[in-house]
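The next block is start-v2.pdb, given as PDB, C-alpha atoms, pLDDT in the B column.
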MODEL        1
ATOM      1  CA  MET A   1      -2.929  40.663 -35.842  1.00 59.00           C
ATOM      2  CA  HIS A   2      -2.922  44.291 -37.001  1.00 81.00           C
ATOM      3  CA  GLU A   3      -6.248  45.029 -35.303  1.00 86.00           C
ATOM      4  CA  LYS A   4      -5.013  44.042 -31.826  1.00 88.00           C
ATOM      5  CA  PHE A   5      -1.799  45.962 -32.383  1.00 86.00           C
ATOM      6  CA  LEU A   6      -3.644  49.084 -33.497  1.00 88.00           C
ATOM      7  CA  LYS A   7      -6.018  48.947 -30.522  1.00 89.00           C
ATOM      8  CA  ARG A   8      -3.080  48.642 -28.108  1.00 89.00           C
ATOM      9  CA  LEU A   9      -1.265  51.434 -29.916  1.00 88.00           C
ATOM     10  CA  MET A  10      -4.270  53.752 -29.776  1.00 90.00           C
ATOM     11  CA  ALA A  11      -4.596  53.035 -26.044  1.00 90.00           C
ATOM     12  CA  THR A  12      -1.261  54.840 -25.656  1.00 92.00           C
ATOM     13  CA  MET A  13      -2.548  57.921 -27.472  1.00 92.00           C
ATOM     14  CA  LYS A  14      -4.260  60.870 -25.859  1.00 93.00           C
ATOM     15  CA  CYS A  15      -7.550  62.479 -26.810  1.00 92.00           C
ATOM     16  CA  SER A  16      -6.923  65.719 -28.696  1.00 91.00           C
ATOM     17  CA  VAL A  17      -9.827  67.372 -26.844  1.00 94.00           C
ATOM     18  CA  CYS A  18      -9.198  66.543 -23.169  1.00 94.00           C
ATOM     19  CA  GLY A  19      -5.800  64.813 -23.119  1.00 93.00           C
ATOM     20  CA  GLN A  20      -6.976  61.548 -21.550  1.00 94.00           C
ATOM     21  CA  ARG A  21      -5.734  58.252 -22.952  1.00 93.00           C
ATOM     22  CA  TYR A  22      -8.072  56.228 -25.121  1.00 93.00           C
ATOM     23  CA  GLU A  23      -9.224  52.842 -23.884  1.00 93.00           C
ATOM     24  CA  ALA A  24      -8.586  49.919 -26.223  1.00 91.00           C
ATOM     25  CA  SER A  25     -12.226  48.915 -25.897  1.00 93.00           C
ATOM     26  CA  ASN A  26     -13.214  52.320 -27.356  1.00 95.00           C
ATOM     27  CA  VAL A  27     -11.133  51.864 -30.508  1.00 94.00           C
ATOM     28  CA  ASN A  28     -12.859  50.283 -33.505  1.00 94.00           C
ATOM     29  CA  VAL A  29     -11.135  49.269 -36.701  1.00 93.00           C
ATOM     30  CA  LEU A  30     -13.309  50.403 -39.594  1.00 95.00           C
ATOM     31  CA  GLY A  31     -11.253  48.813 -42.322  1.00 93.00           C
ATOM     32  CA  HIS A  32      -8.119  49.128 -44.385  1.00 92.00           C
ATOM     33  CA  GLN A  33      -6.871  49.428 -47.917  1.00 92.00           C
ATOM     34  CA  GLU A  34      -3.425  47.846 -48.163  1.00 90.00           C
ATOM     35  CA  GLU A  35      -1.273  49.692 -45.581  1.00 89.00           C
ATOM     36  CA  LEU A  36      -3.805  52.451 -44.813  1.00 93.00           C
ATOM     37  CA  TRP A  37      -6.032  51.664 -41.815  1.00 92.00           C
ATOM     38  CA  PHE A  38      -9.069  53.606 -40.588  1.00 95.00           C
ATOM     39  CA  LEU A  39     -10.154  53.587 -36.954  1.00 94.00           C
ATOM     40  CA  SER A  40     -12.833  55.321 -34.941  1.00 95.00           C
ATOM     41  CA  VAL A  41     -12.033  56.342 -31.390  1.00 95.00           C
ATOM     42  CA  PHE A  42     -14.243  57.380 -28.523  1.00 95.00           C
ATOM     43  CA  CYS A  43     -13.011  59.204 -25.429  1.00 95.00           C
ATOM     44  CA  SER A  44     -14.829  57.975 -22.348  1.00 94.00           C
ATOM     45  CA  SER A  45     -13.706  61.063 -20.450  1.00 95.00           C
ATOM     46  CA  CYS A  46     -15.066  63.894 -22.628  1.00 96.00           C
ATOM     47  CA  HIS A  47     -17.301  61.751 -24.892  1.00 96.00           C
ATOM     48  CA  SER A  48     -15.721  63.032 -28.101  1.00 96.00           C
ATOM     49  CA  HIS A  49     -15.456  60.882 -31.229  1.00 95.00           C
ATOM     50  CA  GLY A  50     -12.571  60.844 -33.657  1.00 93.00           C
ATOM     51  CA  LEU A  51     -11.436  59.269 -36.891  1.00 94.00           C
ATOM     52  CA  VAL A  52      -7.865  58.062 -37.235  1.00 93.00           C
ATOM     53  CA  ALA A  53      -6.024  57.108 -40.399  1.00 93.00           C
ATOM     54  CA  ALA A  54      -2.808  55.137 -39.873  1.00 89.00           C
ATOM     55  CA  VAL A  55      -0.242  53.691 -42.226  1.00 90.00           C
ATOM     56  CA  VAL A  56       0.892  50.273 -40.967  1.00 84.00           C
ATOM     57  CA  LYS A  57       3.796  48.610 -42.693  1.00 83.00           C
ATOM     58  CA  ASP A  58       5.059  45.120 -42.022  1.00 76.00           C
ATOM     59  CA  ALA A  59       8.358  45.021 -40.167  1.00 72.00           C
ATOM     60  CA  ARG A  60      11.418  44.676 -42.290  1.00 72.00           C
ATOM     61  CA  THR A  61      14.946  44.019 -41.161  1.00 67.00           C
ATOM     62  CA  PRO A  62      16.723  47.373 -41.130  1.00 68.00           C
ATOM     63  CA  GLU A  63      20.000  47.791 -42.945  1.00 72.00           C
ATOM     64  CA  GLY A  64      22.989  47.835 -40.677  1.00 74.00           C
ATOM     65  CA  VAL A  65      24.664  51.156 -40.022  1.00 76.00           C
ATOM     66  CA  SER A  66      28.257  51.152 -38.904  1.00 81.00           C
ATOM     67  CA  ASP A  67      31.193  53.502 -38.538  1.00 85.00           C
ATOM     68  CA  LEU A  68      33.623  50.626 -39.150  1.00 85.00           C
ATOM     69  CA  THR A  69      35.907  50.756 -42.155  1.00 88.00           C
ATOM     70  CA  GLU A  70      35.753  47.959 -44.714  1.00 87.00           C
ATOM     71  CA  THR A  71      38.923  46.456 -43.202  1.00 91.00           C
ATOM     72  CA  GLU A  72      37.525  46.580 -39.662  1.00 89.00           C
ATOM     73  CA  LEU A  73      34.225  45.111 -40.803  1.00 86.00           C
ATOM     74  CA  TYR A  74      35.999  42.253 -42.588  1.00 88.00           C
ATOM     75  CA  LYS A  75      38.153  41.578 -39.523  1.00 89.00           C
ATOM     76  CA  TYR A  76      35.076  41.575 -37.255  1.00 86.00           C
ATOM     77  CA  ASN A  77      33.021  39.307 -39.539  1.00 86.00           C
ATOM     78  CA  SER A  78      35.858  36.821 -40.011  1.00 88.00           C
ATOM     79  CA  SER A  79      36.768  36.537 -36.328  1.00 87.00           C
ATOM     80  CA  LYS A  80      35.957  33.365 -34.457  1.00 88.00           C
ATOM     81  CA  ASP A  81      32.932  33.099 -32.190  1.00 89.00           C
ATOM     82  CA  ILE A  82      33.271  33.616 -28.453  1.00 91.00           C
ATOM     83  CA  SER A  83      33.444  30.240 -26.749  1.00 92.00           C
ATOM     84  CA  VAL A  84      32.273  29.139 -23.323  1.00 94.00           C
ATOM     85  CA  ASP A  85      35.932  28.977 -22.288  1.00 94.00           C
ATOM     86  CA  ASP A  86      36.400  32.621 -23.353  1.00 93.00           C
ATOM     87  CA  VAL A  87      33.496  33.658 -21.133  1.00 95.00           C
ATOM     88  CA  LEU A  88      34.833  31.642 -18.185  1.00 96.00           C
ATOM     89  CA  ASP A  89      38.316  33.151 -18.649  1.00 94.00           C
ATOM     90  CA  MET A  90      36.852  36.664 -18.604  1.00 93.00           C
ATOM     91  CA  HIS A  91      34.757  35.817 -15.553  1.00 94.00           C
ATOM     92  CA  ASN A  92      37.830  34.589 -13.688  1.00 93.00           C
ATOM     93  CA  PHE A  93      39.786  37.689 -14.696  1.00 92.00           C
ATOM     94  CA  LEU A  94      37.053  40.118 -13.619  1.00 92.00           C
ATOM     95  CA  LYS A  95      36.430  38.282 -10.351  1.00 93.00           C
ATOM     96  CA  ASP A  96      39.767  39.552  -8.949  1.00 89.00           C
ATOM     97  CA  PHE A  97      40.203  42.658 -11.139  1.00 91.00           C
ATOM     98  CA  PRO A  98      40.469  45.804  -8.972  1.00 90.00           C
ATOM     99  CA  GLY A  99      39.153  48.068 -11.744  1.00 89.00           C
ATOM    100  CA  ASP A 100      42.421  49.871 -12.524  1.00 89.00           C
ATOM    101  CA  PHE A 101      42.236  50.062 -16.329  1.00 86.00           C
ATOM    102  CA  VAL A 102      45.078  52.609 -16.552  1.00 89.00           C
ATOM    103  CA  SER A 103      47.566  50.160 -15.105  1.00 87.00           C
ATOM    104  CA  LEU A 104      46.126  47.324 -17.150  1.00 84.00           C
ATOM    105  CA  PHE A 105      46.591  49.126 -20.478  1.00 85.00           C
ATOM    106  CA  LYS A 106      50.083  50.442 -19.641  1.00 84.00           C
ATOM    107  CA  LYS A 107      51.395  46.882 -19.842  1.00 66.00           C
TER     108      LYS A 107
ENDMDL
END
Go ahead and express the file in the form of structure tokens.
Amino acid sequence: MHEKFLKRLMATMKCSVCGQRYEASNVNVLGHQEELWFLSVFCSSCHSHGLVAAVVKDARTPEGVSDLTETELYKYNSSKDISVDDVLDMHNFLKDFPGDFVSLFKK
């Protein structure tokens, strides 16, 4: 899993000597120790060799960041789900809506 990912990732990187992108077939995984991976790369354009060390961490769910207040967050989390009828109502409203939001919000 990590090896294929690293090869694809390195294929997006450019050679530090000539600036050409590496080919995935010219990237070899040498090994790893926990999260630290070692790869050798070969540039088919200028024929230079390189050694790459990369830290690869498993994906974790990021913590949510919000500018909502506690009250707003509670109100949002406790609101009911949007139903199919809600979506159809909005569709019908927008179908004939001329786009005049100023008049709409003056009401």
*asked:* So the first atom is CA of Lys7 (chain A) and the second is CA of Val55 (chain A); what is the distance between them in Å, to one decimal place?
replied: 13.9 Å
*Would you translate the PyMOL selection byres ((chain A and resi 26-39) around 10) into the concrete set of residues it matches in this file, as a PyMOL selection string?*
chain A and resi 2-4+6-11+22-25+40-44+49-58
*Rounded to one decimal place, report the CA of Cys18 (chain A)-CA of Ser48 (chain A) distance in Å.*
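Computed distance, CA of Cys18 (chain A) to CA of Ser48 (chain A), equals 8.9 Å.
Take CA of Phe105 (chain A) and CA of Glu72 (chain A): the distance between them is 21.4 Å.
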